[in-house]
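Chemist: I am sharing model.pdb, which consists of PDB, C-alpha atoms:
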ATOM      1  CA  MET A   1     108.271 108.577 -19.722
ATOM      2  CA  GLY A   2     104.720 107.803 -19.160
ATOM      3  CA  ASP A   3     105.178 104.240 -20.292
ATOM      4  CA  VAL A   4     108.110 103.753 -17.995
ATOM      5  CA  ALA A   5     106.109 104.925 -15.082
ATOM      6  CA  VAL A   6     103.228 102.726 -16.024
ATOM      7  CA  GLY A   7     105.559  99.807 -16.583
ATOM      8  CA  ALA A   8     107.139 100.233 -13.183
ATOM      9  CA  ARG A   9     103.811 100.361 -11.488
ATOM     10  CA  SER A  10     102.375  97.492 -13.429
ATOM     11  CA  GLY A  11     105.472  95.339 -13.410
ATOM     12  CA  SER A  12     105.031  94.384 -17.148
ATOM     13  CA  ASP A  13     107.432  92.179 -19.097
ATOM     14  CA  GLY A  14     108.393  95.073 -21.312
ATOM     15  CA  GLU A  15     110.364  96.607 -18.545
ATOM     16  CA  GLU A  16     112.358  93.423 -18.008
ATOM     17  CA  HIS A  17     113.465  93.469 -21.671
ATOM     18  CA  ARG A  18     114.664  97.046 -21.347
ATOM     19  CA  GLY A  19     117.610  96.104 -19.118
ATOM     20  CA  HIS A  20     116.045  96.224 -15.727
ATOM     21  CA  PRO A  21     116.306  92.733 -14.164
ATOM     22  CA  VAL A  22     113.348  91.547 -12.262
ATOM     23  CA  ASP A  23     115.466  89.966  -9.517
ATOM     24  CA  ALA A  24     117.156  93.224  -8.777
ATOM     25  CA  ALA A  25     114.038  95.259  -8.842
ATOM     26  CA  VAL A  26     111.855  93.002  -6.850
ATOM     27  CA  PRO A  27     114.139  92.687  -3.815
ATOM     28  CA  ALA A  28     114.562  96.413  -3.803
ATOM     29  CA  ALA A  29     110.858  96.870  -3.864
ATOM     30  CA  HIS A  30     110.460  94.161  -1.302
ATOM     31  CA  HIS A  31     113.074  95.823   0.869
ATOM     32  CA  ALA A  32     111.314  99.076   0.534
ATOM     33  CA  VAL A  33     108.036  97.536   1.469
ATOM     34  CA  THR A  34     109.624  95.616   4.339
ATOM     35  CA  SER A  35     111.326  98.671   5.656
ATOM     36  CA  GLY A  36     108.111 100.487   5.500
ATOM     37  CA  SER A  37     106.407  97.704   7.420
ATOM     38  CA  GLU A  38     109.101  97.601  10.080
ATOM     39  CA  SER A  39     108.892 101.338  10.429
ATOM     40  CA  GLU A  40     105.180 101.142  10.788
ATOM     41  CA  THR A  41     105.556  98.284  13.246
ATOM     42  CA  ALA A  42     108.034 100.224  15.276
ATOM     43  CA  GLU A  43     105.778 103.181  15.221
ATOM     44  CA  ASP A  44     102.850 100.970  16.095
ATOM     45  CA  GLY A  45     104.908  99.413  18.881
ATOM     46  CA  ARG A  46     105.725 102.769  20.276
ATOM     47  CA  VAL A  47     102.150 103.866  20.058
ATOM     48  CA  THR A  48     100.969 100.587  21.577
ATOM     49  CA  GLU A  49     103.425 100.865  24.464
ATOM     50  CA  HIS A  50     102.337 104.403  25.041
ATOM     51  CA  ASN A  51      98.728 103.346  25.017
ATOM     52  CA  GLN A  52      99.428 100.544  27.523
ATOM     53  CA  THR A  53     101.029 103.014  29.867
ATOM     54  CA  ASP A  54      98.048 105.258  29.604
ATOM     55  CA  GLU A  55      95.680 102.378  30.193
ATOM     56  CA  HIS A  56      97.683 101.130  33.225
ATOM     57  CA  GLY A  57      97.627 104.546  34.737
ATOM     58  CA  THR A  58      93.938 104.860  34.121
ATOM     59  CA  ASP A  59      92.710 101.387  35.124
ATOM     60  CA  GLU A  60      95.044 100.569  38.075
ATOM     61  CA  THR A  61      95.116 103.630  40.275
ATOM     62  CA  PRO A  62      97.305 103.251  43.426
ATOM     63  CA  PRO A  63      95.291 102.688  46.652
ATOM     64  CA  ALA A  64      94.878 105.667  48.862
ATOM     65  CA  GLU A  65      97.074 105.601  52.006
ATOM     66  CA  LYS A  66      95.206 104.945  55.254
ATOM     67  CA  LYS A  67      95.377 107.708  57.737
ATOM     68  CA  PRO A  68      96.991 106.629  61.053
ATOM     69  CA  ARG A  69      94.751 106.500  64.068
ATOM     70  CA  SER A  70      94.917 109.410  66.374
ATOM     71  CA  PHE A  71      96.705 109.039  69.683
ATOM     72  CA  TRP A  72      93.478 109.398  71.626
ATOM     73  CA  LYS A  73      91.881 106.492  69.735
ATOM     74  CA  GLU A  74      94.872 104.212  70.399
ATOM     75  CA  LEU A  75      95.249 105.208  74.050
ATOM     76  CA  PRO A  76      92.375 103.015  75.386
ATOM     77  CA  ILE A  77      93.787 100.012  73.497
ATOM     78  CA  LEU A  78      97.246 100.562  74.956
ATOM     79  CA  ILE A  79      95.819 100.951  78.448
ATOM     80  CA  GLY A  80      93.806  97.737  78.049
ATOM     81  CA  ILE A  81      96.876  95.770  76.931
ATOM     82  CA  ALA A  82      98.921  97.172  79.811
ATOM     83  CA  LEU A  83      96.237  96.203  82.339
ATOM     84  CA  VAL A  84      95.987  92.648  81.007
ATOM     85  CA  LEU A  85      99.767  92.206  81.090
ATOM     86  CA  ALA A  86      99.985  93.634  84.606
ATOM     87  CA  LEU A  87      97.223  91.305  85.807
ATOM     88  CA  LEU A  88      98.953  88.269  84.276
ATOM     89  CA  ILE A  89     102.275  89.264  85.826
ATOM     90  CA  LYS A  90     100.651  89.728  89.232
ATOM     91  CA  THR A  91      98.849  86.396  89.041
ATOM     92  CA  PHE A  92     101.638  84.186  87.747
ATOM     93  CA  LEU A  93     105.011  85.933  88.014
ATOM     94  CA  VAL A  94     105.710  88.747  90.474
ATOM     95  CA  GLN A  95     103.659  90.792  92.914
ATOM     96  CA  ALA A  96     104.578  93.845  94.946
ATOM     97  CA  PHE A  97     103.967  93.961  98.701
ATOM     98  CA  SER A  98     104.341  96.735 101.230
ATOM     99  CA  ILE A  99     105.901  96.235 104.665
ATOM    100  CA  PRO A 100     103.444  97.594 107.257
ATOM    101  CA  SER A 101     105.320  96.861 110.498
ATOM    102  CA  ASP A 102     108.755  96.635 112.125
ATOM    103  CA  SER A 103     108.782  92.860 112.685
ATOM    104  CA  MET A 104     111.408  92.245 109.963
ATOM    105  CA  GLN A 105     113.846  95.018 110.885
ATOM    106  CA  ASP A 106     116.601  95.607 109.890
ATOM    107  CA  THR A 107     116.179  93.398 106.848
ATOM    108  CA  LEU A 108     112.975  95.221 105.942
ATOM    109  CA  GLN A 109     111.835  98.589 107.191
ATOM    110  CA  ARG A 110     108.285  99.854 107.538
ATOM    111  CA  GLY A 111     107.193 101.214 104.150
ATOM    112  CA  ASP A 112     109.596  99.140 102.071
ATOM    113  CA  ARG A 113     108.272  97.543  98.890
ATOM    114  CA  VAL A 114     109.308  94.001  98.055
ATOM    115  CA  LEU A 115     108.802  91.927  94.921
ATOM    116  CA  VAL A 116     107.589  88.397  95.556
ATOM    117  CA  ASP A 117     108.323  85.506  93.216
ATOM    118  CA  LYS A 118     105.039  83.704  92.505
ATOM    119  CA  LEU A 119     106.290  81.672  89.545
ATOM    120  CA  THR A 120     108.387  78.939  91.145
ATOM    121  CA  PRO A 121     105.567  77.639  93.401
ATOM    122  CA  TRP A 122     103.636  76.831  90.212
ATOM    123  CA  PHE A 123     106.409  74.323  89.406
ATOM    124  CA  GLY A 124     106.277  72.621  92.810
ATOM    125  CA  SER A 125     108.913  74.694  94.609
ATOM    126  CA  GLU A 126     108.405  74.869  98.379
ATOM    127  CA  PRO A 127     109.810  77.319 100.951
ATOM    128  CA  ASP A 128     113.265  76.538 102.303
ATOM    129  CA  ARG A 129     115.095  77.537 105.477
ATOM    130  CA  GLY A 130     116.354  81.092 105.506
ATOM    131  CA  GLU A 131     113.992  82.420 102.845
ATOM    132  CA  VAL A 132     111.802  85.460 103.479
ATOM    133  CA  VAL A 133     108.269  84.521 102.435
ATOM    134  CA  VAL A 134     104.862  86.143 102.180
ATOM    135  CA  PHE A 135     101.919  84.034 103.302
ATOM    136  CA  HIS A 136      98.217  84.373 103.968
ATOM    137  CA  ASP A 137      97.146  84.745 107.571
ATOM    138  CA  PRO A 138      96.883  81.108 108.786
ATOM    139  CA  ASP A 139      94.463  81.657 111.676
ATOM    140  CA  ASP A 140      93.789  85.272 112.672
ATOM    141  CA  TRP A 141      97.386  86.199 113.396
ATOM    142  CA  LEU A 142      96.451  89.751 112.419
ATOM    143  CA  ALA A 143      93.424  89.944 114.696
ATOM    144  CA  GLY A 144      93.129  93.436 116.118
ATOM    145  CA  GLU A 145      95.525  94.963 113.616
ATOM    146  CA  PRO A 146      94.207  98.120 111.893
ATOM    147  CA  THR A 147      93.133  97.702 108.266
ATOM    148  CA  ALA A 148      93.835 100.454 105.765
ATOM    149  CA  LYS A 149      90.977 101.875 103.692
ATOM    150  CA  PRO A 150      92.208 102.444 100.123
ATOM    151  CA  ASN A 151      90.552 104.845  97.702
ATOM    152  CA  ALA A 152      89.207 103.817  94.293
ATOM    153  CA  VAL A 153      92.485 104.405  92.453
ATOM    154  CA  GLN A 154      94.472 102.410  95.023
ATOM    155  CA  THR A 155      91.954  99.584  94.785
ATOM    156  CA  VAL A 156      92.329  99.363  91.001
ATOM    157  CA  LEU A 157      96.118  99.562  91.142
ATOM    158  CA  SER A 158      96.299  96.881  93.824
ATOM    159  CA  TRP A 159      93.936  94.656  91.831
ATOM    160  CA  ILE A 160      96.262  94.661  88.824
ATOM    161  CA  GLY A 161      99.361  94.315  90.975
ATOM    162  CA  LEU A 162     100.842  97.800  90.526
ATOM    163  CA  MET A 163     100.271  98.579  94.189
ATOM    164  CA  PRO A 164     100.188  96.379  97.304
ATOM    165  CA  SER A 165      96.741  95.305  98.392
ATOM    166  CA  ALA A 166      95.452  96.780 101.636
ATOM    167  CA  GLU A 167      92.620  94.279 101.977
ATOM    168  CA  GLU A 168      94.584  91.028 101.747
ATOM    169  CA  LYS A 169      95.707  89.734 105.139
ATOM    170  CA  ASP A 170      99.236  88.670 104.338
ATOM    171  CA  LEU A 171     102.330  88.458 106.521
ATOM    172  CA  ILE A 172     106.039  88.344 105.801
ATOM    173  CA  LYS A 173     108.525  86.358 107.944
ATOM    174  CA  ARG A 174     111.686  84.287 107.651
ATOM    175  CA  VAL A 175     111.470  80.499 107.394
ATOM    176  CA  VAL A 176     113.575  78.812 110.087
ATOM    177  CA  GLY A 177     112.083  75.317 109.988
ATOM    178  CA  VAL A 178     110.541  73.089 107.314
ATOM    179  CA  GLY A 179     108.753  69.754 107.464
ATOM    180  CA  GLY A 180     110.635  67.276 109.670
ATOM    181  CA  ASP A 181     112.784  69.912 111.423
ATOM    182  CA  THR A 182     113.036  70.289 115.183
ATOM    183  CA  VAL A 183     113.299  73.949 116.188
ATOM    184  CA  GLU A 184     114.205  74.937 119.740
ATOM    185  CA  CYS A 185     114.796  78.038 121.820
ATOM    186  CA  ARG A 186     116.259  77.961 125.327
ATOM    187  CA  GLY A 187     116.981  81.087 127.303
ATOM    188  CA  THR A 188     118.160  83.838 125.003
ATOM    189  CA  GLY A 189     119.536  81.485 122.380
ATOM    190  CA  PRO A 190     121.022  80.611 120.073
ATOM    191  CA  LEU A 191     118.180  79.273 117.969
ATOM    192  CA  MET A 192     118.667  75.548 117.374
ATOM    193  CA  VAL A 193     117.517  73.712 114.248
ATOM    194  CA  ASN A 194     118.001  69.942 114.250
ATOM    195  CA  GLY A 195     120.562  70.326 117.027
ATOM    196  CA  LYS A 196     122.613  72.912 115.111
ATOM    197  CA  ALA A 197     123.033  76.444 116.431
ATOM    198  CA  LEU A 198     122.301  79.181 113.908
ATOM    199  CA  ASP A 199     124.561  82.224 113.655
ATOM    200  CA  GLU A 200     121.930  84.918 113.073
ATOM    201  CA  ARG A 201     124.005  88.035 113.599
ATOM    202  CA  SER A 202     123.751  88.999 109.916
ATOM    203  CA  TYR A 203     119.970  89.478 109.972
ATOM    204  CA  VAL A 204     118.605  89.603 113.551
ATOM    205  CA  TYR A 205     117.832  93.147 114.673
ATOM    206  CA  PRO A 206     120.821  94.700 116.495
ATOM    207  CA  GLY A 207     120.397  94.467 120.267
ATOM    208  CA  ASN A 208     117.907  91.576 120.026
ATOM    209  CA  THR A 209     118.641  88.091 121.262
ATOM    210  CA  PRO A 210     117.867  85.142 118.928
ATOM    211  CA  CYS A 211     115.392  83.771 121.497
ATOM    212  CA  SER A 212     113.003  85.648 123.730
ATOM    213  CA  ASN A 213     113.184  84.589 127.369
ATOM    214  CA  ASP A 214     109.479  84.794 128.275
ATOM    215  CA  ASP A 215     106.602  82.491 129.119
ATOM    216  CA  GLN A 216     104.366  83.621 126.245
ATOM    217  CA  GLY A 217     105.926  81.302 123.656
ATOM    218  CA  GLY A 218     109.498  82.479 123.419
ATOM    219  CA  GLN A 219     110.738  79.234 124.958
ATOM    220  CA  PHE A 220     109.772  76.257 122.836
ATOM    221  CA  ARG A 221     110.745  72.997 121.223
ATOM    222  CA  VAL A 222     108.624  71.958 118.243
ATOM    223  CA  THR A 223     108.825  69.454 115.412
ATOM    224  CA  VAL A 224     107.457  70.797 112.141
ATOM    225  CA  PRO A 225     105.102  68.341 110.410
ATOM    226  CA  PRO A 226     105.323  67.756 106.641
ATOM    227  CA  GLY A 227     103.501  70.375 104.599
ATOM    228  CA  TYR A 228     104.173  73.157 107.143
ATOM    229  CA  ILE A 229     106.859  75.720 107.962
ATOM    230  CA  TRP A 230     107.952  77.505 111.158
ATOM    231  CA  VAL A 231     108.520  81.239 110.710
ATOM    232  CA  MET A 232     110.068  83.989 112.836
ATOM    233  CA  GLY A 233     110.614  87.707 112.381
ATOM    234  CA  ASP A 234     114.107  89.193 112.274
ATOM    235  CA  HIS A 235     113.105  91.703 114.966
ATOM    236  CA  ARG A 236     112.795  88.907 117.504
ATOM    237  CA  GLN A 237     111.527  90.963 120.418
ATOM    238  CA  ASN A 238     108.938  92.724 118.221
ATOM    239  CA  SER A 239     107.427  90.004 116.063
ATOM    240  CA  ARG A 240     104.219  88.057 116.545
ATOM    241  CA  ASP A 241     105.262  84.953 114.634
ATOM    242  CA  SER A 242     104.983  81.173 115.007
ATOM    243  CA  ARG A 243     106.196  81.348 118.615
ATOM    244  CA  TYR A 244     103.223  83.386 119.799
ATOM    245  CA  ASN A 245     100.532  81.570 117.811
ATOM    246  CA  GLN A 246     101.029  78.047 119.115
ATOM    247  CA  THR A 247      97.462  77.976 120.430
ATOM    248  CA  ASP A 248      95.898  78.367 116.988
ATOM    249  CA  VAL A 249      94.523  75.567 114.845
ATOM    250  CA  HIS A 250      97.955  74.883 113.279
ATOM    251  CA  HIS A 251      99.931  75.228 116.558
ATOM    252  CA  GLY A 252     101.898  78.144 115.147
ATOM    253  CA  MET A 253     102.809  76.372 111.912
ATOM    254  CA  VAL A 254     102.113  77.903 108.501
ATOM    255  CA  PRO A 255     100.662  75.576 105.860
ATOM    256  CA  VAL A 256     102.794  75.527 102.725
ATOM    257  CA  LYS A 257      99.630  75.950 100.650
ATOM    258  CA  ASP A 258      99.144  79.399 102.237
ATOM    259  CA  VAL A 259     102.533  80.675 101.068
ATOM    260  CA  VAL A 260     102.174  83.287  98.318
ATOM    261  CA  GLY A 261     105.828  83.274  97.339
ATOM    262  CA  ARG A 262     109.355  84.203  98.251
ATOM    263  CA  ALA A 263     110.422  87.835  98.602
ATOM    264  CA  ILE A 264     113.412  88.187  96.294
ATOM    265  CA  VAL A 265     114.015  91.925  95.889
ATOM    266  CA  ARG A 266     113.649  95.001  98.059
ATOM    267  CA  ALA A 267     112.579  97.359  95.271
ATOM    268  CA  TRP A 268     111.593 100.592  97.055
ATOM    269  CA  PRO A 269     112.799 103.059  98.137
ATOM    270  CA  VAL A 270     115.565 103.230  95.574
ATOM    271  CA  ASN A 271     118.297 103.888  98.128
ATOM    272  CA  ARG A 272     117.399 100.593  99.845
ATOM    273  CA  TRP A 273     117.240  98.468  96.705
ATOM    274  CA  GLY A 274     118.760  95.028  97.114
ATOM    275  CA  THR A 275     118.203  91.288  96.951
ATOM    276  CA  LEU A 276     117.108  89.072  99.850
ATOM    277  CA  PRO A 277     119.451  86.053  99.773
ATOM    278  CA  VAL A 278     119.461  83.070 102.115
ATOM    279  CA  PRO A 279     121.998  83.635 104.956
ATOM    280  CA  ASP A 280     125.047  81.377 104.965
ATOM    281  CA  THR A 281     124.215  79.881 108.368
ATOM    282  CA  PHE A 282     121.430  77.836 106.746
ATOM    283  CA  ASP A 283     123.994  76.106 104.524
ATOM    284  CA  GLN A 284     126.032  74.629 107.371
ATOM    285  CA  PRO A 285     126.683  70.864 107.268
ATOM    286  CA  GLY A 286     124.405  68.591 109.251
ATOM    287  CA  LEU A 287     121.404  70.900 109.243
ATOM    288  CA  ASN A 288     119.366  68.276 107.398
ATOM    289  CA  GLN A 289     120.225  65.554 109.902
ATOM    290  CA  GLN A 290     116.859  65.609 111.671
ATOM    291  CA  SER A 291     114.931  65.300 108.423
ATOM    292  CA  SER A 292     117.062  62.314 107.446
ATOM    293  CA  THR A 293     116.514  60.745 110.867
ATOM    294  CA  ALA A 294     112.771  61.244 110.556
ATOM    295  CA  GLY A 295     112.874  59.490 107.201
ATOM    296  CA  ALA A 296     114.909  56.646 108.704
ATOM    297  CA  LEU A 297     112.434  56.258 111.574
ATOM    298  CA  THR A 298     109.640  55.960 109.065
ATOM    299  CA  VAL A 299     111.389  52.993 107.437
ATOM    300  CA  ALA A 300     112.779  51.467 110.652
ATOM    301  CA  PRO A 301     109.649  49.629 111.854
ATOM    302  CA  SER A 302     109.456  47.713 108.580
ATOM    303  CA  GLY A 303     113.100  46.798 108.826
ATOM    304  CA  VAL A 304     112.759  45.676 112.432
ATOM    305  CA  ALA A 305     109.692  43.603 111.617
ATOM    306  CA  LEU A 306     111.462  41.947 108.700
ATOM    307  CA  SER A 307     114.577  41.141 110.708
ATOM    308  CA  ALA A 308     112.417  39.639 113.473
ATOM    309  CA  ALA A 309     110.269  37.660 111.055
ATOM    310  CA  VAL A 310     113.138  35.894 109.276
ATOM    311  CA  PRO A 311     114.436  33.932 112.334
ATOM    312  CA  LEU A 312     110.873  33.068 113.313
ATOM    313  CA  VAL A 313     110.131  31.623 109.879
ATOM    314  CA  VAL A 314     113.385  29.633 109.885
ATOM    315  CA  TRP A 315     112.659  28.264 113.375
ATOM    316  CA  ARG A 316     109.135  27.203 112.419
ATOM    317  CA  ARG A 317     110.351  25.505 109.235
ATOM    318  CA  ARG A 318     112.898  23.519 111.239
ATOM    319  CA  ARG A 319     110.262  22.407 113.774
ATOM    320  CA  THR A 320     107.919  21.361 110.977
ATOM    321  CA  SER A 321     110.673  19.367 109.278
ATOM    322  CA  LYS A 322     111.520  17.544 112.529
ATOM    323  CA  ALA A 323     107.876  16.746 113.243
ATOM    324  CA  GLU A 324     107.372  15.369 109.747
ATOM    325  CA  SER A 325     110.495  13.187 110.110
ATOM    326  CA  VAL A 326     109.339  11.719 113.465
ATOM    327  CA  THR A 327     105.816  11.127 112.212
ATOM    328  CA  GLY A 328     107.052   9.410 109.119
ATOM    329  CA  ASP A 329     109.355   7.099 111.048
ATOM    330  CA  THR A 330     106.595   6.186 113.426
ATOM    331  CA  VAL A 331     104.198   5.287 110.700
ATOM    332  CA  THR A 332     106.821   3.361 108.884
ATOM    333  CA  ALA A 333     107.844   1.511 112.005
TER     334      ALA A 333
END
Show how you would write the structure in this file as structure tokens.
Modeler:
Amino acid sequence: MGDVAVGARSGSDGEEHRGHPVDAAVPAAHHAVTSGSESETAEDGRVTEHNQTDEHGTDETPPAEKKPRSFWKELPILIGIALVLALLIKTFLVQAFSIPSDSMQDTLQRGDRVLVDKLTPWFGSEPDRGEVVVFHDPDDWLAGEPTAKPNAVQTVLSWIGLMPSAEEKDLIKRVVGVGGDTVECRGTGPLMVNGKALDERSYVYPGNTPCSNDDQGGQFRVTVPPGYIWVMGDHRQNSRDSRYNQTDVHHGMVPVKDVVGRAIVRAWPVNRWGTLPVPDTFDQPGLNQQSSTAGALTVAPSGVALSAAVPLVVWRRRRTSKAESVTGDTVTA
């Protein structure tokens, strides 16, 4: 028994001659050793995987979550962004204006707030007939008018466009004539633009006449030069507009460059909310006739000169040809 054990451990030839084939024994031993290795490998693999997990958890700790800022720390940032946006909107897009007088009744009442489109003028748009526009005082139209004294909060709000400015001298009127138009008032009306009578019943203050029969400027006939507009209030007998400023430097005209923008919406009070469209009377056919005639008159002198020059040139050429023929014959003769 002891020899057998020793033989098995030593793998001597004596064991092979005792009926135990080497080929059968060796694979078995090899299998046993292999199995043992695979078992150890599996165990090692499990241990290794476990160790990797431990190392990952130890070396790569998740970052700590940042605490959100408190509301009071974010509030100044939000206010700053809001102020910048409001200032940009006021400068380039829309600005609010307050109506301080009754000159545009009933279209606009004292205390109404209107939103003025300031964007389209940046793209070359100019005021058109029938539009309600806000413009800077051309030449002391507001002389003698009381000026409001805003407090600090009102000053800041008006600066960023959230409140109408009390310091800016701006007016709001309706455009009735543009460059090249002839505007005329006789008696109590109707108002004539380029020879066409305007039907102003939809916007002129009830009880007012389209024209004011007085000697202060209510009776007029003017031709608007290019780059200017002629404006009138809807409350015709209570509006100091182009009619009553004809002695100023612009003869009552408003330079287009002084126009802030077109009033598009009556935004406040809420029960008076509404748009400010162009009345239909300004779309009637033939209203642009005077402007077209003015353009034709600008070209006419050139046309007349050309038509007069052609016969003169032909006549001179004929005389020159005859003179050359006579002179040549004489010399030849």
Chemist: Near stretch 221-233 of chain A, within 7 Å and counting all atoms listed in the file, which residues show up once chain neighbours fewer than 5 positions away are dropped, as a list in words?
Modeler: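 Residues near the query, excluding close chain neighbours: Ser103, Met104, Lys173, Arg174, Val175, Val176, Gly177, Val178, Gly179, Gly180, Asp181, Thr182, Val183, Glu184, Cys185, Ser239, Asp241, Ser242, Met253, Val254, Pro255 and Val256 of chain A.
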Chemist: Can you list, as a PyMOL selection string, the residues that the PyMOL selection byres ((chain A and resi 115) around 9) selects here?
Modeler: chain A and resi 94-97+113-114+116-117+262-267
Chemist: Write the residues of the preceding selection, restricted to C-alpha atoms, as a PDB file, keeping the file's coordinate frame.
Modeler:
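Final output, result24.pdb:
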ATOM      1  CA  VAL A  94     105.710  88.747  90.474  1.00  0.00           C
ATOM      2  CA  GLN A  95     103.659  90.792  92.914  1.00  0.00           C
ATOM      3  CA  ALA A  96     104.578  93.845  94.946  1.00  0.00           C
ATOM      4  CA  PHE A  97     103.967  93.961  98.701  1.00  0.00           C
ATOM      5  CA  ARG A 113     108.272  97.543  98.890  1.00  0.00           C
ATOM      6  CA  VAL A 114     109.308  94.001  98.055  1.00  0.00           C
ATOM      7  CA  VAL A 116     107.589  88.397  95.556  1.00  0.00           C
ATOM      8  CA  ASP A 117     108.323  85.506  93.216  1.00  0.00           C
ATOM      9  CA  ARG A 262     109.355  84.203  98.251  1.00  0.00           C
ATOM     10  CA  ALA A 263     110.422  87.835  98.602  1.00  0.00           C
ATOM     11  CA  ILE A 264     113.412  88.187  96.294  1.00  0.00           C
ATOM     12  CA  VAL A 265     114.015  91.925  95.889  1.00  0.00           C
ATOM     13  CA  ARG A 266     113.649  95.001  98.059  1.00  0.00           C
ATOM     14  CA  ALA A 267     112.579  97.359  95.271  1.00  0.00           C
TER      15      ALA A 267
END
Chemist: Give the answer as one residue: which of A:Gly195, A:Pro269, A:Pro190, A:Gly80 has the shortest atom-to-atom distance to A:Asn208, using all atoms listed in the file?
Modeler: A:Pro190
Chemist: Within 8 Å of A:Asp137, counting all atoms listed in the file, which residues qualify if same-chain residues fewer than 2 places away don't, as a PyMOL selection string?
Modeler: chain A and resi 135+139-142+169-171+258
Chemist: Calculate how many Å separate atom CA of A:Arg240 from atom CA of A:Thr188, rounding to one decimal.
Modeler: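 Result for atom CA of A:Arg240 versus atom CA of A:Thr188: 16.8 Å, one decimal.
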Chemist: When you count only C-alpha atoms, which of these residues is closest to A:His235: A:Gly187, A:Cys211, A:Asp106, A:Gly252?
Modeler: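 Going through A:Gly187, A:Cys211, A:Asp106, A:Gly252 one by one, the smallest distance to A:His235 is for A:Asp106.
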